[in-house]
Structures are given as C-alpha cells and as structure tokens.
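Engineer: What follows is a structure written as structure tokens; I'll ask about it next.
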Amino acid sequence: MIRDRKDFLFMTFVYAFIVAVFIITFYPFWNVFIISLNSAEDTLRGNLYLWPREFSLASYAQILSDSEIWTAIRVTVLRTIIGTPLAVLTISMLAYSLSKRELVAGRFWTLYFVFTMYFGGGLIPYYMVLKSYNLIDNFMVFVVPGLMNVFYMIIVRTFIQGLPQELDESAKMDGANYMHIFFRIILPLTTPVLATIGLFTAIGHWNSWFDSYVFTYKPELKTLQAVLVKILNQYQTGSMVSEAQQMANSSKRLAVSPDTIRMAATMVATLPIIMVYPFLQKYFVKGMTLGAVKS
Amino acid sequence: MIIRPKARPGINGQPAVRAAKAGLMARLKEQRLLYVLMLPAIAATLLFSYVPMFGLYMAFINYSPGGGAFFRQFFTTEFVGLQWFEYFFTNGDFVRIMRNTLAQSFLSLLFGFPLPIILALMINEMRNGWFKRTFQTVSYMPHFISWVIAANIIITMLSSGGVINNILTGLGIVDEPIAFMQKGPLFWWIIALGNAWKDMGFNAIMYLAAISAINPELYEVAKVDGASRLKQMLHITLPSIKPTIVILAILAVGGILNAGFDQQYLLQNATVMNYAEVIDTYTYKYGLQNGMFSYGAAVGLFKSVVAFILVITVNQMAKRMEEQSLF
C-alpha cells in the first residue's frame, strides 16, 4: 500500500534498485547468448546489444560436431549421475548416525569430521596422496574424493534432528533395526533436504574443472568445464596479439571466429544448469536457511 | 527410549569401571549398524582429508618426484627443517602474494558484504508476485554457474569490443576502449566486483530468512504510528537482522586468506600477474607446474595454519556475540 509521497519515492527507489540488479545479473548471460547466435564475421563488427544481427547456428554446429566436446559431455554427465547419488547416500547415512544421541563416541566423530572443515593438507600433499592411491588419470578421482561434505552433512543432520523422535522409537519397539529405520523411515522423510544437497552436489560435479584440469592428463577424461578452460586460455593468449592481426586471422581462416565459438561453448555448459536450478529453488532456499541456523 | 545412566569411571571405583566397560561393549554391539552407516564417510575423510594432513610432512624434506614412493621418501629423504619456509619469507614473493591476497579479500568484502544486505532489504519491500519470484530466481543464477563460465562472461563484457567499452566510447566518456584485463591494479577491482556479482543474490537468502522471522506486529504498531516504509525498514527490519549481520561479518573476516583460486587463475594473464597472484594460485604454480613440490607444500601449510588460527579465533568471537544476542 503506497500511503503518501514519501512512500512513493521510497518504492520508486526500491524498484529502480531491483531493476538495476536484474539487468546487471541477467544481461551478461543474454549478451553471451546473442553473440553465440550471431554469425561470426558479423560479430567482429561489435556493437551487439539486444538481438543477434545476423542469426546463425554455425557456432553451435561447429562445436557440436567436435568429438572433444562430446567426450567431455559424456564424462561430465557420467561423473554427475554416478557421483551425486553416492555422495548423497554417504552424507545422509553419516548424518543419521550422528543425529543419534546414544551414539558411542558421537562427540569424537563429530569433531573428526568438523575439524576437516577448518584444516586441510592443501593442494600439493593432496595431489601426492591421490597419486599414491593411483587416482591420477583415473575416472574415480571425480567420484571418490567427493563422497563426503561436512557442511551438507550438518544440514541433513539438523533436518533429521527436527523430525519427531517418536517415529524412530515406535519402529524400534516393533523390532526394526537402525538400518531399517534409516532406509525405510528416515530417508523418505528427508527428501526435501536430500534434494537440496543433491542439487548442490550435482551442480558441483557439472561445474568442476580443477580436478579434471590438474588430476587427469588423458583427453578422454576431460570434463566440459576443463575443455572450456582450454578454450578460454587460447583466447587469453590470443588477445595478447594485436587486435588487427586477430581480425585478419579469423576472417582469413574460417567463417566462425573463436569469439562466437567460445560463447556457444559457454552456453552449452550453462544451459543445463539454468534449466535445472529454478525447479529446486524452494528446496535449496529452505535448506540454506536450515543450515545457516545451525552452523 | 531407554535412558542409560552415564557411567563415570574413576570416581566410583573398580566395579563401576568394569560395568561401564561391559556396558560400552554392549552398546557398541547394539549400535554396530550405526557404525556401518558411518563407515563410508569415515573412510573417505580419513583417505582424503587426514592422510593429506600427514602428507604435509613433505614441507620439511626435499621431496623429489624421481626419488621413490611418496610416503617412503619421508624416511629416505633428507630432513631440511624450516628451509622452505625461510625461502618463502625471504625470496621477495611473500610480500607481493600477501598484499594481493589481502587486497583482493578486503575489496571483495567491501562490495560483497553490504550488497546482499541491501538487496535483501529491497527484496523485502517488493510486492509479492511474479516479478518478485522471477527476480529472485534470476538473482541466484550467477551463483550456480562455474567460475569458468563467469570468467568467460566477464572477459567478454570487458574486452575491447565488449559491451562496457562500447557504452563508454558511445557515450563519449572515453575516446579509446580501455584494456580492462591488461591493467594490473584494476585486476583487484575486477575480482571484487566479480565476486559480488556472482554471490550477491545467493547470499541475500540468509538475510531474507532472518527478515522473515521478524514479528509482523512490530510493523503493525509502526504503521499505526504513521511510520513511513523507509522508517520501518531503518528502525525495525535493519535492527532486527543486526545479529545476523554481525555474525556473518565476523565469519567473513575469518576467511580473509581464502581469497579464492578459480577466479584469479581463470581471469589472470601475463600482463597483470604482479597483481593477480594470490597464495593459492602461487602454491599451484610452484608446487605442481614448476615441480617445487616441497616448497609448494610449505607455502600451503603456512596458509592453512594462519587461516586455521584466524577462523578459530573469529568463531569464538561469533559464538560469544551469539550468546550475547540471545540473552
């Protein structure tokens, strides 16, 4: 309800701020999107703002005809669909055990896990250890080290502790053991929070580039984001060369400039995420709030 | 639930200790399935968190890749004490790396801390409806994309033919496009604004949660008193979320050495290296790319220890503040 001039001014400011943030957040994605849909030669003229000037799908056709991209997509999808459920299961099983007050040495185990949030060996010893385990250049390096996440465990544990205790106790009376209670009773009840950490884990898998970039050498183990880093690096080195030279090169060589290719590759890596996270918004907002209360 | 009295060995004498031990074994046996459920997490944490911590011993030896298996070298390779740390503090890189790390963290906080608060306050004032919902969804978008994609977008926007230079030259603010990515000191600001852009919307969630917990009666009373919306925001909403703000501020200071890795590594290029290099990128470059493994481990250990002390200190402070705000 706008009650007077003062409120009107205030609300104008509020909406102006919101619209500004909206543009700053959304426009960069839009700009990348239209460049990816513009013909490569025309893109070199610059001044692309709202719509593609010369619509073309050549950049997409080019990257999607590249077998390197398809290998990368396969690796990325595989690590996501294998890694996510295993991580969610590992984390939720732990969260359930640690939510039990009667757990022997419960305090010790909580400390055991929480300590790793604050202290770690760092990159170099980590690399050495992976090498000792034979995980360098091995697909499993994408899955196994990511099984545990203490922060997500705390979110799930907080949620489980909020469930009514009687559920557990009556099942126990009926002779169900911990395993039954966890899989039959607790797990179905925790779906909202499992969706949250599942989403975060899946997006983490989809987005991760460093493990593929540093811990693997074989081309068939490069993830989508790692390939994108390579494209970005080529561009960065390219921009060191003078502008004119670059323009001459790209118009001479082929109809598709590296710029539109880079944008198309960026869109291929971005679109799946943009299509998934809005549907799980209600869960992760709740999950984040829950986790925030506890930690 | 069966309530078991907690045994106190040592106070009640021998028989009590034995009873407690028997009780412990019985309880362990009863809880063996709980331990089975914990096993994968315990093993993964041991293998990928604790073993690397022991691996930090490599910072005190002269590890060489050709010198045999990693852990065997702990016994076969010469112990060099603090030599690598000395080298780090005296070779001139230390000051530059720390300056870049702290400057980028500080600037990131300067933008990245207040913006989510302001954004949450503004979102709270919006009328409920499709626009608010759409806006919130869009505001989370940059958080969910990788830094690889974000870096691609930022570099495109800031390139000489990019949108920002087009606007600046179009409006006649500058005559020549600015080479944003090639100017050293600008790199700090690009990182800070990039961080803010990426996480502003997502970080507002915490504050919105705090706002939603405010008692609506407070606003009713204020409305009866004729307070404007601005006044309500400044005198009800803002003070109510102050505890959240203070605690998140303290925690943010604890992470000041974690300036990041992805954003610096992906946005940097040879011309800005003097301003771009932070502790984590430096560790990676020397430790893995240049093959100075023990040196990289030593730099990493230095960072881990200082960061640990910082975080523990500020967490204690946050805990104290939390207790004060509760009672």
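Ligands are numbered from 1 in the order shown, residues from 1 within each chain, and chains are lettered A, B, ... in the order they appear in the structure tokens.
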Identify, on the basis of only C-alpha atoms, every residue whose closest approach to stretch 132-147 of chain A does not exceed 7 Å; exclude the query and any residue fewer than 6 positions from it along the same chain; express the result as a list of chain:residue names.

Structural biologist: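 Counting only C-alpha atoms, the residues come to A:Arg79, A:Gly83, A:Leu86, A:Ala87, A:Thr90, A:Asp211, A:Phe215, A:Thr216, A:Tyr217, A:Lys218, A:Leu221, B:Ala44, B:Phe48, B:Phe70.
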
Engineer: Would you list the contacts of A:Thr260 as a list in words, taking every protein, DNA or RNA residue within 8 Å and counting only C-alpha atoms, but skipping same-chain residues closer than 3 positions in sequence?

Structural biologist: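 Close residues of A:Thr260: Ile35, Ser36, Leu37, Asn38, Ser39, Ala40, Thr43, Ser59, Val256, Ser257, Met263 and Ala264 of chain A.
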
Engineer: May I ask which of the residues B:Arg133, B:Lys242, B:His143, B:Arg229 is the closest one to chain A, counting only C-alpha atoms?

Structural biologist: B:Arg229

Engineer: Which polymer residues have any atom within 7 Å of an atom of stretch 60-63 of chain A, counting only C-alpha atoms, with same-chain residues fewer than 6 positions away left out, as a VMD selection string?

Structural biologist: chain A and resid 69 261 264 to 265

Engineer: Store the residues picked out above, limited to C-alpha atoms, as a tab-separated table (two decimals), in the first residue's frame.

Structural biologist:
```tsv
chain	number	residue	atom	x	y	z
A	69	ILE	CA	33.06	-31.75	-26.76
A	261	ILE	CA	32.69	-20.47	-30.62
A	264	ALA	CA	28.50	-21.17	-27.88
A	265	ALA	CA	30.61	-23.49	-25.71
```

Engineer: To one decimal in Å, tell me the separation between atom CA of A:Leu48 and atom CA of B:Trp147.

Structural biologist: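 Atom CA of A:Leu48 sits 23.8 Å away from atom CA of B:Trp147.
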
Engineer: Under the rule that only C-alpha atoms are counted, which of B:Gln232, B:Thr313, B:Thr76, B:Pro52 is the nearest residue to A:Gly122?

Structural biologist: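 Selected residue with least distance to A:Gly122: B:Pro52.
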
Engineer: How far is it from atom CA of A:Val104 to atom CA of A:Leu194, in Å with one decimal?

Structural biologist: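 Separation between atom CA of A:Val104 and atom CA of A:Leu194: 25.6 Å.
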
Engineer: Nearest to B:Leu310: which of B:Ile191, B:Leu266, B:Ala151, B:Ala252 is it, counting only C-alpha atoms?

Structural biologist: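 Selected residue with least distance to B:Leu310: B:Ala252.
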
Engineer: Could you check the closest approach to B:Glu220 for each of B:Ile149, B:Leu34, B:Ile205, B:Ile236 and tell me which residue wins, using only C-alpha atoms?

Structural biologist: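 The closest residue to B:Glu220 is B:Ile236.
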
Engineer: Considering only C-alpha atoms, return as a PyMOL selection string whatever protein or nucleic-acid residues lie within 10 Å of A:Pro192, sequence-local ones (same chain, fewer than 4 positions apart) excluded.

Structural biologist: chain A and resi 156+159+188+196-198+280+282-284+286-287

Engineer: What's the 9 Å shell around B:Ala297, counting only C-alpha atoms, without same-chain residues fewer than 4 positions away, as a list in words?

Structural biologist: Gly121, Gly122, Leu123, Ile124 and Pro125 of chain A; Gly55, Leu56, Tyr57, Met58, Ala59, Phe60, Trp84, Thr283, Gly287, Met292, Phe293, Leu301 and Phe302 of chain B

Engineer: The selected residues should be written to file as an mmCIF file, in the first residue's frame (atoms: C-alpha atoms).

Structural biologist:
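again05.cif was written with the following content:
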```cif
data_model
loop_
_atom_site.group_PDB
_atom_site.id
_atom_site.type_symbol
_atom_site.label_atom_id
_atom_site.label_comp_id
_atom_site.auth_asym_id
_atom_site.auth_seq_id
_atom_site.Cartn_x
_atom_site.Cartn_y
_atom_site.Cartn_z
ATOM 1 C CA GLY A 121 46.675 -30.617 3.863
ATOM 2 C CA GLY A 122 46.446 -28.257 0.929
ATOM 3 C CA LEU A 123 46.809 -28.942 -2.749
ATOM 4 C CA ILE A 124 50.318 -30.384 -3.017
ATOM 5 C CA PRO A 125 50.083 -33.175 -0.411
ATOM 6 C CA GLY B 55 51.481 -35.694 3.867
ATOM 7 C CA LEU B 56 52.264 -32.129 4.928
ATOM 8 C CA TYR B 57 55.464 -33.551 6.373
ATOM 9 C CA MET B 58 56.808 -33.178 2.832
ATOM 10 C CA ALA B 59 57.209 -29.461 3.557
ATOM 11 C CA PHE B 60 60.104 -30.358 5.868
ATOM 12 C CA TRP B 84 61.343 -23.939 2.582
ATOM 13 C CA THR B 283 51.056 -22.728 -4.421
ATOM 14 C CA GLY B 287 54.143 -26.801 -6.309
ATOM 15 C CA MET B 292 58.947 -27.434 -6.467
ATOM 16 C CA PHE B 293 56.725 -29.845 -4.571
ATOM 17 C CA LEU B 301 50.991 -25.270 5.167
ATOM 18 C CA PHE B 302 51.753 -21.670 6.119
#
```

Engineer: As an mmCIF file with C-alpha atoms, in the first residue's frame, please: every residue in stretch 226-277 of chain B that DSSP puts in alpha helix (DSSP H).

Structural biologist:
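In the end it all went to part_19.cif:
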```cif
data_model
loop_
_atom_site.group_PDB
_atom_site.id
_atom_site.type_symbol
_atom_site.label_atom_id
_atom_site.label_comp_id
_atom_site.auth_asym_id
_atom_site.auth_seq_id
_atom_site.Cartn_x
_atom_site.Cartn_y
_atom_site.Cartn_z
ATOM 1 C CA ARG B 229 8.174 2.418 4.859
ATOM 2 C CA LEU B 230 11.679 3.820 4.856
ATOM 3 C CA LYS B 231 11.424 4.431 8.589
ATOM 4 C CA GLN B 232 10.093 0.912 9.133
ATOM 5 C CA LEU B 238 17.599 -3.429 9.920
ATOM 6 C CA PRO B 239 17.963 -3.620 13.737
ATOM 7 C CA SER B 240 16.220 -6.998 13.740
ATOM 8 C CA LYS B 242 21.736 -6.911 13.089
ATOM 9 C CA PRO B 243 22.782 -10.094 14.962
ATOM 10 C CA THR B 244 22.891 -11.997 11.659
ATOM 11 C CA ILE B 245 24.906 -9.196 10.072
ATOM 12 C CA VAL B 246 27.424 -9.090 12.912
ATOM 13 C CA ILE B 247 27.959 -12.836 12.951
ATOM 14 C CA LEU B 248 28.336 -13.124 9.189
ATOM 15 C CA ALA B 249 30.757 -10.175 9.257
ATOM 16 C CA ILE B 250 32.927 -11.854 11.868
ATOM 17 C CA LEU B 251 32.911 -15.120 9.953
ATOM 18 C CA ALA B 252 33.802 -13.300 6.724
ATOM 19 C CA VAL B 253 36.883 -11.833 8.375
ATOM 20 C CA GLY B 254 37.922 -15.351 9.366
ATOM 21 C CA ASP B 262 39.296 -20.166 -9.611
ATOM 22 C CA GLN B 263 38.603 -16.511 -10.266
ATOM 23 C CA GLN B 264 42.253 -15.437 -10.082
ATOM 24 C CA TYR B 265 43.547 -18.362 -12.068
ATOM 25 C CA LEU B 266 40.947 -18.042 -14.808
ATOM 26 C CA LEU B 267 40.940 -14.256 -15.166
ATOM 27 C CA MET B 273 50.477 -11.244 -12.826
ATOM 28 C CA ASN B 274 52.043 -8.883 -10.286
ATOM 29 C CA TYR B 275 48.581 -8.032 -9.012
ATOM 30 C CA ALA B 276 46.762 -11.280 -9.731
#
```

Engineer: For chain A, which residue out of B:Ile214, B:Leu102, B:Leu82, B:Met200 is the nearest one, using only C-alpha atoms?

Structural biologist: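 Among B:Ile214, B:Leu102, B:Leu82, B:Met200, it is B:Met200 that comes nearest to chain A.
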
Engineer: So which one's closest to A:Ala226, A:Thr201, A:Asn47, A:Asn149, A:Thr71? Using only C-alpha atoms, please.

Structural biologist: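 Ranked by minimum distance to A:Ala226, first place goes to A:Thr71.
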
Engineer: Could you pull the residues within 8 Å of A:Asn31, counting only C-alpha atoms, minus those fewer than 3 positions along the same chain, as a VMD selection string?

Structural biologist: chain A and resid 27 to 28 34 to 35 48 to 50

Engineer: With N, CA and C atoms retained, could you export that selection as a PDB file, in the first residue's frame?

Structural biologist:
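The new file again15.pdb reads:
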```pdb
ATOM      1  N   TYR A  27      21.759  -9.472 -17.826  1.00  0.00           N
ATOM      2  CA  TYR A  27      22.212  -9.039 -19.137  1.00  0.00           C
ATOM      3  C   TYR A  27      23.482  -9.748 -19.629  1.00  0.00           C
ATOM      4  N   PRO A  28      24.511  -9.936 -18.775  1.00  0.00           N
ATOM      5  CA  PRO A  28      25.710 -10.631 -19.266  1.00  0.00           C
ATOM      6  C   PRO A  28      25.410 -11.993 -19.888  1.00  0.00           C
ATOM      7  N   ILE A  34      23.280 -14.021 -27.211  1.00  0.00           N
ATOM      8  CA  ILE A  34      23.061 -13.486 -28.570  1.00  0.00           C
ATOM      9  C   ILE A  34      24.345 -13.531 -29.394  1.00  0.00           C
ATOM     10  N   ILE A  35      25.492 -13.345 -28.757  1.00  0.00           N
ATOM     11  CA  ILE A  35      26.736 -13.451 -29.532  1.00  0.00           C
ATOM     12  C   ILE A  35      26.884 -14.868 -30.076  1.00  0.00           C
ATOM     13  N   LEU A  48      26.966  -5.457 -30.540  1.00  0.00           N
ATOM     14  CA  LEU A  48      25.822  -6.351 -30.394  1.00  0.00           C
ATOM     15  C   LEU A  48      25.260  -6.135 -28.998  1.00  0.00           C
ATOM     16  N   TYR A  49      24.014  -5.731 -28.926  1.00  0.00           N
ATOM     17  CA  TYR A  49      23.459  -5.442 -27.606  1.00  0.00           C
ATOM     18  C   TYR A  49      22.276  -6.335 -27.236  1.00  0.00           C
ATOM     19  N   LEU A  50      21.206  -6.253 -28.036  1.00  0.00           N
ATOM     20  CA  LEU A  50      19.965  -6.893 -27.598  1.00  0.00           C
ATOM     21  C   LEU A  50      19.593  -8.129 -28.402  1.00  0.00           C
TER      22      LEU A  50
END
```
